[in-house]
$ cat start22.cif   # mmCIF, C-alpha atoms
data_coords
#
loop_
_atom_site.label_atom_id
_atom_site.label_comp_id
_atom_site.auth_asym_id
_atom_site.auth_seq_id
_atom_site.Cartn_x
_atom_site.Cartn_y
_atom_site.Cartn_z
CA MET A 1 81.70 83.76 -6.65
CA ASP A 2 80.36 87.33 -6.68
CA MET A 3 80.46 88.01 -10.41
CA LEU A 4 78.01 90.84 -9.76
CA ASN A 5 77.51 94.21 -11.40
CA ASP A 6 78.84 96.05 -8.33
CA PHE A 7 82.08 94.02 -8.32
CA ILE A 8 82.67 94.08 -12.07
CA LYS A 9 81.26 97.45 -13.16
CA GLY A 10 79.93 99.25 -10.09
CA SER A 11 80.74 100.57 -6.62
CA LEU A 12 83.48 98.01 -5.83
CA LYS A 13 84.66 97.58 -9.40
CA CYS A 14 87.55 95.22 -10.02
CA GLU A 15 88.62 95.97 -13.59
CA ARG A 16 91.00 93.01 -13.45
CA ALA A 17 87.93 90.74 -13.29
CA LEU A 18 87.00 91.59 -16.88
CA GLU A 19 89.79 89.28 -18.10
CA ILE A 20 88.34 86.21 -16.34
CA ILE A 21 84.80 86.48 -17.72
CA PRO A 22 85.46 84.53 -20.96
CA ASN A 23 87.36 81.84 -19.03
CA ILE A 24 84.51 81.39 -16.55
CA ARG A 25 81.96 81.32 -19.37
CA THR A 26 83.93 78.52 -21.08
CA LEU A 27 84.07 76.51 -17.85
CA LEU A 28 80.34 77.04 -17.25
CA ASP A 29 79.51 75.78 -20.76
CA ILE A 30 81.61 72.63 -20.29
CA ALA A 31 80.14 72.00 -16.84
CA ARG A 32 76.58 72.34 -18.16
CA ASN A 33 77.32 70.04 -21.10
CA ASN A 34 78.65 67.43 -18.65
CA GLN A 35 75.80 67.75 -16.10
CA ILE A 36 78.11 69.20 -13.44
CA PRO A 37 76.12 71.27 -10.93
CA ILE A 38 76.79 75.01 -10.95
CA PHE A 39 76.35 77.25 -7.93
CA TYR A 40 76.46 81.02 -8.17
CA CYS A 41 77.43 82.22 -4.68
CA VAL A 42 76.70 85.92 -4.53
CA ASP A 43 76.53 88.74 -2.03
CA GLU A 44 73.07 90.01 -1.20
CA HIS A 45 73.45 92.59 1.54
CA LEU A 46 70.86 94.22 3.74
CA PRO A 47 71.23 97.67 5.33
CA THR A 48 71.79 95.93 8.69
CA ASP A 49 75.00 94.22 7.45
CA SER A 50 77.10 96.88 9.14
CA TYR A 51 80.15 94.60 9.53
CA GLU A 52 80.79 94.72 5.76
CA LEU A 53 79.05 97.95 4.81
CA GLU A 54 81.15 100.00 7.23
CA LEU A 55 84.31 98.48 5.81
CA TRP A 56 83.48 98.46 2.07
CA GLY A 57 80.54 100.85 1.74
CA PRO A 58 77.17 99.84 0.28
CA HIS A 59 77.55 97.10 -2.32
CA ALA A 60 75.48 94.24 -3.69
CA MET A 61 72.43 95.50 -1.85
CA LYS A 62 69.44 93.17 -2.10
CA GLY A 63 67.13 94.08 -4.96
CA THR A 64 69.52 96.45 -6.73
CA VAL A 65 71.05 96.23 -10.20
CA GLY A 66 74.45 96.13 -8.49
CA GLN A 67 73.51 92.85 -6.79
CA GLN A 68 72.63 91.13 -10.06
CA ILE A 69 74.94 88.63 -11.73
CA ILE A 70 76.60 90.15 -14.79
CA ASP A 71 74.81 89.52 -18.09
CA GLU A 72 77.79 87.66 -19.55
CA LEU A 73 77.48 84.91 -16.91
CA LYS A 74 73.74 84.76 -16.22
CA PRO A 75 72.57 81.55 -14.54
CA GLN A 76 70.72 79.02 -16.67
CA LYS A 77 67.68 76.90 -15.86
CA TYR A 78 69.37 74.22 -13.74
CA ASP A 79 71.98 76.43 -12.04
CA THR A 80 71.55 77.31 -8.36
CA VAL A 81 72.01 80.80 -6.91
CA ILE A 82 73.18 80.89 -3.29
CA THR A 83 72.93 84.30 -1.66
CA LYS A 84 75.35 85.18 1.10
CA ARG A 85 75.82 88.10 3.46
CA THR A 86 79.44 87.43 4.45
CA TYR A 87 82.66 86.51 2.69
CA SER A 88 82.17 82.73 2.76
CA ALA A 89 79.63 81.01 0.52
CA PHE A 90 79.02 78.51 3.35
CA ASP A 91 78.38 80.96 6.21
CA ARG A 92 74.63 81.02 7.01
CA THR A 93 73.63 79.77 3.54
CA ASN A 94 72.13 76.57 2.21
CA LEU A 95 75.21 75.64 0.18
CA ASP A 96 75.96 72.61 2.40
CA ARG A 97 72.49 71.16 1.80
CA CYS A 98 72.65 71.85 -1.92
CA LEU A 99 76.05 70.17 -2.28
CA ALA A 100 74.79 67.14 -0.33
CA ARG A 101 71.86 66.68 -2.74
CA VAL A 102 73.79 66.66 -6.03
CA TYR A 103 74.63 63.54 -8.00
CA ASP A 104 71.44 61.72 -6.99
CA GLY A 105 72.05 62.36 -3.31
CA LYS A 106 75.64 61.13 -3.31
CA GLY A 107 76.84 64.68 -2.74
CA ALA A 108 79.85 66.58 -3.97
CA ASP A 109 83.37 65.76 -2.83
CA SER A 110 85.06 68.64 -4.66
CA ILE A 111 84.43 72.26 -5.53
CA ILE A 112 85.89 74.45 -8.25
CA ILE A 113 86.05 78.11 -7.30
CA THR A 114 85.92 80.99 -9.78
CA GLY A 115 85.12 84.68 -9.39
CA VAL A 116 86.20 87.57 -7.19
CA HIS A 117 87.99 88.18 -4.81
CA THR A 118 90.71 85.54 -4.46
CA HIS A 119 92.04 86.91 -1.17
CA ILE A 120 88.66 87.56 0.46
CA CYS A 121 85.61 85.51 -0.57
CA GLY A 122 87.70 82.88 -2.34
CA LYS A 123 89.90 82.46 0.72
CA HIS A 124 87.04 82.29 3.24
CA THR A 125 84.97 79.94 1.12
CA SER A 126 88.05 77.72 0.70
CA TYR A 127 88.48 77.58 4.48
CA ASP A 128 84.90 76.42 4.96
CA ALA A 129 85.24 73.86 2.14
CA PHE A 130 88.45 72.60 3.76
CA THR A 131 86.77 72.12 7.15
CA ARG A 132 84.04 70.11 5.40
CA GLY A 133 86.55 67.78 3.78
CA LEU A 134 85.91 68.96 0.24
CA LYS A 135 88.68 68.90 -2.34
CA ILE A 136 89.29 72.49 -3.44
CA VAL A 137 90.24 73.46 -6.97
CA ILE A 138 90.90 77.12 -7.69
CA ALA A 139 90.65 78.15 -11.33
CA GLU A 140 93.82 80.25 -11.49
CA ASP A 141 92.66 82.15 -14.57
CA GLY A 142 89.07 82.22 -13.35
CA VAL A 143 89.62 84.18 -10.12
CA GLN A 144 90.83 87.71 -9.59
CA ALA A 145 91.37 90.43 -6.98
CA PHE A 146 91.84 94.20 -6.78
CA SER A 147 95.60 93.85 -7.33
CA GLU A 148 98.02 91.24 -8.64
CA GLU A 149 99.58 91.11 -5.17
CA ASP A 150 96.22 90.38 -3.49
CA HIS A 151 95.44 87.76 -6.13
CA LEU A 152 98.77 85.94 -5.84
CA LEU A 153 98.82 86.11 -2.03
CA GLY A 154 95.30 84.67 -1.98
CA LEU A 155 96.25 81.81 -4.30
CA GLU A 156 99.39 80.99 -2.35
CA TYR A 157 97.56 81.02 1.00
CA ILE A 158 94.72 78.80 -0.24
CA LYS A 159 97.21 76.36 -1.76
CA LYS A 160 99.55 76.23 1.23
CA ILE A 161 97.02 76.29 4.09
CA TYR A 162 94.05 74.40 2.57
CA GLY A 163 95.87 72.13 0.10
CA ALA A 164 93.92 73.49 -2.85
CA ASP A 165 94.86 72.57 -6.39
CA ILE A 166 95.52 75.70 -8.42
CA LYS A 167 94.83 74.91 -12.07
CA LYS A 168 94.25 76.79 -15.31
CA ILE A 169 90.74 76.41 -16.67
CA ASN A 170 91.88 74.43 -19.72
CA LYS A 171 93.43 71.82 -17.36
CA ILE A 172 90.27 71.73 -15.24
CA ILE A 173 88.21 71.14 -18.38
CA GLU A 174 90.50 68.29 -19.46
CA LEU A 175 90.00 66.62 -16.08
CA LEU A 176 86.24 67.14 -16.08
CA VAL A 177 85.83 65.69 -19.56
CA ALA A 178 88.16 62.74 -18.78
CA ASN A 179 86.28 61.93 -15.56
CA LYS A 180 82.91 61.89 -17.36
CA GLN A 181 84.07 59.22 -19.85
#

$ encode --input "start22.cif" --output "structure tokens"
Amino acid sequence: MDMLNDFIKGSLKCERALEIIPNIRTLLDIARNNQIPIFYCVDEHLPTDSYELELWGPHAMKGTVGQQIIDELKPQKYDTVITKRTYSAFDRTNLDRCLARVYDGKGADSIIITGVHTHICGKHTSYDAFTRGLKIVIAEDGVQAFSEEDHLLGLEYIKKIYGADIKKINKIIELLVANKQ
């Protein structure tokens, strides 16, 4: 979620996100090696998105370097990029359809969320996943926010209100590998 230049290095920089990059990269490698679909859900704003731009200022504007996924986590050939213009990766995107098509049309029953910001996009995406009946796993050391307080409040809310499993990436990897055997 939103591992973009503007959020990691640019106009809405979250320096705390630097620490999760290697963890996310490890999870991505394991997922790819186990044919687990990967979706990059990323902001792609237009000048008319006043609801967010007035609050946060211009960020992740379509066609800019700031809107690009950071080099360290670039999508690979079979990964899917979902662009969004609001906090949730489900709101007015094709994520639902993409999730329904995976696993030879059987669809996904779970999602693992990584990226920024735990208390904003992570929280809103979790709500939409919850209302769709998806099991939610939050990679505790693969998500981050502007402050430790925002991060921890986001995790606690998602766990308490949406029943999400909060797990370290090494535990998620153990489960993924065990389920593929």

$ resolve_selection --input "start22.cif" --expression "the PyMOL selection byres ((chain A and resi 165-171) around 9)" --output "PyMOL selection string"
chain A and resi 23-24+26-27+135-142+155-156+158-159+163-164+172-176

$ residues_around --input "start22.cif" --residues "range 77-92 of chain A" --least-positions-apart "3" --cutoff "9 Å" --atoms "all atoms listed in the file" --output "number ranges by chain"
A: 1, 32, 37-46, 49, 51-52, 95-96, 98, 120-129

$ atom_distance --input "start22.cif" --atom1 "CA of Leu152 in chain A" --atom2 "CA of Arg16 in chain A"
13.0 Å

$ atom_distance --input "start22.cif" --atom1 "CA of Thr118 in chain A" --atom2 "CA of Ile8 in chain A"
14.0 Å

$ atom_distance --input "start22.cif" --atom1 "CA of Gly66 in chain A" --atom2 "CA of Asn5 in chain A"
4.6 Å

$ closest_residue --input "start22.cif" --among "A:Val143, A:Glu15, A:Pro47, A:Asn94" --to "Lys62 in chain A" --atoms "all atoms listed in the file"
A:Pro47

$ closest_residue --input "start22.cif" --among "A:Arg25, A:Lys160, A:Lys106, A:His59" --to "Leu73 in chain A" --atoms "all atoms listed in the file"
A:Arg25

$ closest_residue --input "start22.cif" --among "A:Phe7, A:Tyr162, A:Arg132, A:Gln76" --to "Asn33 in chain A" --atoms "all atoms listed in the file"
A:Gln76

$ axis_aligned_box --input "start22.cif" --around "range 45-53 of chain A" --padding-each-side "4 Å" --output "JSON"
{"center_x": 75.8, "center_y": 95.3, "center_z": 5.5, "size_x": 17.9, "size_y": 13.4, "size_z": 16.0}

$ closest_residue --input "start22.cif" --among "A:Ile30, A:Ala145, A:Leu55, A:Met61" --to "Ala17 in chain A" --atoms "only C-alpha atoms"
A:Ala145

$ residues_around --input "start22.cif" --residues "Leu134 in chain A" --least-positions-apart "5" --cutoff "8 Å" --atoms "all atoms listed in the file" --output "count of residues only"
5

$ residues_around --input "start22.cif" --residues "Leu12 in chain A" --least-positions-apart "6" --cutoff "10 Å" --atoms "all atoms listed in the file" --output "list in words"
Leu4, Asn5, Asp6, Trp56, Gly57, Pro58, His59, Ala60, Gly66 and Phe146 of chain A
